2 protein chains.
Amino acid sequence: MASKPSAAEVKAKLIEAAIRLLSDGGPEALQARKLAAEIGASTMAVYTHFGGMGALVNEVAREGFRRLSANLGEVEETDDPVADILTLALAYRRTVVENPQLYAVTFGQSQPSGQKAALGDMTKEETRQNASEEGIEAFGYLVRAAKRVIDAGRFRPTPEFEVAAQLWSAVHGYITLEVAGHFGDGENGVDHILIPLATALGVGLGDTYEAATRSARISIEAWRAKEGNIGT
Amino acid sequence: MASKPSAAEVKAKLIEAAIRLLSDGGPEALQARKLAAEIGASTMAVYTHFGGMGALVNEVAREGFRRLSANLGEVEETDDPVADILTLALAYRRTVVENPQLYAVTFGQSQPSGQKAALGDMTKEETRQNASEEGIEAFGYLVRAAKRVIDAGRFRPTPEFEVAAQLWSAVHGYITLEVAGHFGDGENGVDHILIPLATALGVGLGDTYEAATRSARISIEAWRAKEGNIGT
DNA sequence: CCGGCGGAATAACGATGTTATGCACTCATT
DNA sequence: AATGAGTGCATAACATCGTTATTCCGCCGG
């Protein structure tokens, strides 16, 4: 066999198995014993490589942020920055909708198991901060897009952080509620709530109604065309 | 002694104790044995009255929605419906910020413990639906406020459900992120993100920039005056 | 060839949700 | 008023989870 699997390999396999278990069986399926069985090892693997389930879950959360960043990074910048923001919102949504269990953990909405209170590890504040560190990269895409819109003169001059935070709040809130099942089936909510919400927010931030509507149409049409190639 | 505490009394005391434990010690403090000790009974109380921890947590979630509805219901309707919406948003936020642990459970962001997979109880869908039933009342305040704004001609004619859903997404998203610690300390986030977000959304939905800004100022000033009497 | 050392398997420990058993208490009926 | 049925609760055991102590295997340097 491959002589000795390096420590990094084992860690990666554990994270991968954790995400698989999470996606399939929900937070309650993310157990040390199942993880061990999944990679053909004993529960000690979790403790020698991570120190406990809590730290492993933290790594899973960071991996979620990394994947979100990767998906946002694939959104290309066009000459219509408002459309780009809408495309980012759609990419954000699709990432979460395709693996809601993972992002429930990533956003700290799911504390899989007993986990003995994080032990001497970190306090919750620090944990959150740590996870945030990885999430800041994802948020950065929104900040950059906001700056481009402001520079283009379509949003009023505003600190781009505040614009990005408002956009993030709206999109994140919509996605959270959609995944929780409070809106109709996906596409319906996107058409009647997410897109109008993002469009209206754009108008309120300074864009004209006509320009924002046009950008929304451009974004969603490009998105649907691209989505056809991918699935869903 | 009070002869026999009626079943309803015991249930109420359990819920009350659960919320107290939750607020103080977080989700992991919400345990059958601690609950029993808190009301001076054995763990069986949880099972005879609720059937298990899962059902009890569901009741806690519903109680959270009930309190949220009560707080939203205390917002008086003025002759400025846009200001009323902002006041509702501020009331929503304050309710959650004052007891984040409870609302983490209410919004399903926290699955306190093992809970043995909900047993023969309900599937997650049904659970969510059930909790929603109680949440619909809270959402109703937003729908009614949205209708008043549309009828007043300050928002474009739009199905009030969609307007309310967009407002809910934005406000809920902001609150979720603030409580998670992603924005600065409370008041800062309110001034620089929540209020501008709600104002911008109002403008995008049809209000004029000037009217929306004026309504925002009215709402937040009334709010601060009232908050002085309450605390925080 | 040998000694030490790091990592993993086994098994045990503490804690948690849950359940089986039996007892006490209440209420209705005679 | 006495008795029987029935209900609700306490005790204690069970299954399972995260965690840890112990042991052992395999590698690496001398």
# chains A, B, ... in the order shown; residues from 1 in each chain; ligands from 1

$ interface_residues --of "chain D" --to "chain B" --cutoff "9 Å" --atoms "only C-alpha atoms (C1' of nucleotides)" --output "list in words"
DG8, DC9, DA10 and DC17 of chain D

$ residues_around --residues "Ile193 in chain B" --least-positions-apart "4" --cutoff "7 Å" --atoms "only C-alpha atoms (C1' of nucleotides)" --output "PyMOL selection string"
(chain A and resi 162+165-166) or (chain B and resi 189+197)

$ closest_residue --among "A:Glu227, A:Glu160, A:Asp84, A:Asp79" --to "chain B" --atoms "only C-alpha atoms"
A:Glu160

$ atom_distance --atom1 "CA of Arg154 in chain A" --atom2 "CA of Asp80 in chain B"
29.1 Å

$ residues_around --residues "DG3 in chain C" --least-positions-apart "4" --cutoff "12 Å" --atoms "only C-alpha atoms (C1' of nucleotides)" --output "compact mmCIF listing (two decimals) with C-alpha atoms (C1' of nucleotides), in the first residue's frame"
# COMPACT_ATOMS: atom_id res chain seq x y z
C1' DC D 28 14.25 5.32 12.31
C1' DG D 29 18.72 6.30 14.10
C1' DG D 30 22.79 4.46 16.21

$ closest_atom_pairs --of "chain B" --to "chain A" --cutoff "6 Å" --atoms "only C-alpha atoms" --output "JSON lines"
{"residue": "B:Gln109", "atom": "CA", "partner": "A:Gln109", "partner_atom": "CA", "distance": 3.9}
{"residue": "B:Ser110", "atom": "CA", "partner": "A:Ser110", "partner_atom": "CA", "distance": 5.3}
{"residue": "B:Ser113", "atom": "CA", "partner": "A:Ser113", "partner_atom": "CA", "distance": 6.0}
{"residue": "B:Gln166", "atom": "CA", "partner": "A:Leu197", "partner_atom": "CA", "distance": 5.5}
{"residue": "B:Ser169", "atom": "CA", "partner": "A:Gly173", "partner_atom": "CA", "distance": 4.5}
{"residue": "B:Ala170", "atom": "CA", "partner": "A:Ala170", "partner_atom": "CA", "distance": 4.0}
{"residue": "B:His172", "atom": "CA", "partner": "A:Gly173", "partner_atom": "CA", "distance": 5.5}
{"residue": "B:Gly173", "atom": "CA", "partner": "A:Gly173", "partner_atom": "CA", "distance": 3.4}
{"residue": "B:Tyr174", "atom": "CA", "partner": "A:Ser169", "partner_atom": "CA", "distance": 4.6}
{"residue": "B:Ile193", "atom": "CA", "partner": "A:Gln166", "partner_atom": "CA", "distance": 5.8}
{"residue": "B:Leu197", "atom": "CA", "partner": "A:Gln166", "partner_atom": "CA", "distance": 5.5}
{"residue": "B:Ala200", "atom": "CA", "partner": "A:Gly204", "partner_atom": "CA", "distance": 3.8}
{"residue": "B:Leu201", "atom": "CA", "partner": "A:Leu201", "partner_atom": "CA", "distance": 4.8}
{"residue": "B:Val203", "atom": "CA", "partner": "A:Gly204", "partner_atom": "CA", "distance": 4.7}
{"residue": "B:Gly204", "atom": "CA", "partner": "A:Ala200", "partner_atom": "CA", "distance": 3.8}
{"residue": "B:Leu205", "atom": "CA", "partner": "A:Ala200", "partner_atom": "CA", "distance": 5.7}

$ atom_distance --atom1 "C1' of DT16 in chain C" --atom2 "CA of Lys13 in chain A"
29.2 Å

$ atom_distance --atom1 "CA of Ser23 in chain A" --atom2 "CA of Asn99 in chain A"
6.5 Å

$ interface_residues --of "chain C" --to "chain B" --cutoff "12 Å" --atoms "only C-alpha atoms (C1' of nucleotides)" --output "list in words"
DA15, DT16, DG17, DT18, DT19, DA20, DC25 and DT26 of chain C

$ write_last_selection --atoms "N, CA and C atoms (P, O5', C5', C4', C3', O3' and C1' of nucleotides)" --output "short mmCIF file (atom, residue, chain, number, x, y, z; two decimals), in the first residue's frame"
data_model
loop_
_atom_site.label_atom_id
_atom_site.label_comp_id
_atom_site.auth_asym_id
_atom_site.auth_seq_id
_atom_site.Cartn_x
_atom_site.Cartn_y
_atom_site.Cartn_z
P DA C 15 -19.52 12.93 34.73
"O5'" DA C 15 -20.46 13.20 33.47
"C5'" DA C 15 -19.92 13.85 32.34
"C4'" DA C 15 -20.92 13.83 31.21
"C3'" DA C 15 -22.36 14.11 31.63
"O3'" DA C 15 -22.97 14.94 30.66
"C1'" DA C 15 -22.28 12.07 30.48
P DT C 16 -24.24 15.81 31.06
"O5'" DT C 16 -25.31 15.41 29.95
"C5'" DT C 16 -24.95 15.42 28.57
"C4'" DT C 16 -25.86 14.51 27.81
"C3'" DT C 16 -27.32 14.57 28.26
"O3'" DT C 16 -28.16 15.09 27.24
"C1'" DT C 16 -26.60 12.34 27.94
P DG C 17 -29.71 15.35 27.55
"O5'" DG C 17 -30.39 14.17 26.73
"C5'" DG C 17 -30.20 14.12 25.32
"C4'" DG C 17 -30.81 12.85 24.75
"C3'" DG C 17 -32.31 12.70 25.00
"O3'" DG C 17 -32.92 12.13 23.85
"C1'" DG C 17 -31.17 10.88 25.99
P DT C 18 -34.52 11.92 23.82
"O5'" DT C 18 -34.67 10.46 24.43
"C5'" DT C 18 -34.06 9.38 23.74
"C4'" DT C 18 -34.23 8.10 24.52
"C3'" DT C 18 -35.69 7.76 24.89
"O3'" DT C 18 -36.07 6.61 24.16
"C1'" DT C 18 -34.17 7.31 26.67
P DT C 19 -37.60 6.17 24.21
"O5'" DT C 19 -37.55 5.01 25.31
"C5'" DT C 19 -36.59 3.96 25.18
"C4'" DT C 19 -36.64 3.04 26.39
"C3'" DT C 19 -38.05 2.62 26.83
"O3'" DT C 19 -38.01 1.24 27.17
"C1'" DT C 19 -36.89 3.52 28.65
P DA C 20 -39.37 0.41 27.04
"O5'" DA C 20 -39.24 -0.56 28.31
"C5'" DA C 20 -37.98 -1.14 28.62
"C4'" DA C 20 -37.92 -1.55 30.09
"C3'" DA C 20 -39.21 -2.13 30.66
"O3'" DA C 20 -38.90 -3.21 31.51
"C1'" DA C 20 -38.56 -0.25 31.93
P DC C 25 -48.55 9.12 48.71
"O5'" DC C 25 -49.16 10.41 48.00
"C5'" DC C 25 -48.79 10.70 46.65
"C4'" DC C 25 -50.00 10.63 45.74
"C3'" DC C 25 -51.35 10.91 46.42
"O3'" DC C 25 -51.81 12.17 45.96
"C1'" DC C 25 -51.49 9.15 44.83
P DT C 26 -53.20 12.82 46.61
"O5'" DT C 26 -54.22 12.71 45.39
"C5'" DT C 26 -53.77 13.01 44.07
"C4'" DT C 26 -54.80 12.55 43.05
"C3'" DT C 26 -56.25 12.89 43.43
"O3'" DT C 26 -56.88 13.52 42.32
"C1'" DT C 26 -56.06 10.58 42.91
#

$ select_by_dssp --residues "range 43-174 of chain A" --states "helix (DSSP H, G or I)" --output "ChimeraX atom specification"
/A:44-49,53-73,81-98,100-106,115-118,124-151,160-174

$ residues_around --residues "DA2 in chain D" --least-positions-apart "2" --cutoff "12 Å" --atoms "only C-alpha atoms (C1' of nucleotides)" --output "short mmCIF file (atom, residue, chain, number, x, y, z; two decimals) with C-alpha atoms (C1' of nucleotides), in the first residue's frame"
data_model
loop_
_atom_site.label_atom_id
_atom_site.label_comp_id
_atom_site.auth_asym_id
_atom_site.auth_seq_id
_atom_site.Cartn_x
_atom_site.Cartn_y
_atom_site.Cartn_z
"C1'" DT C 29 -67.76 3.94 41.80
"C1'" DT C 30 -70.33 1.10 44.99
"C1'" DG D 4 -60.27 -0.54 42.39
#
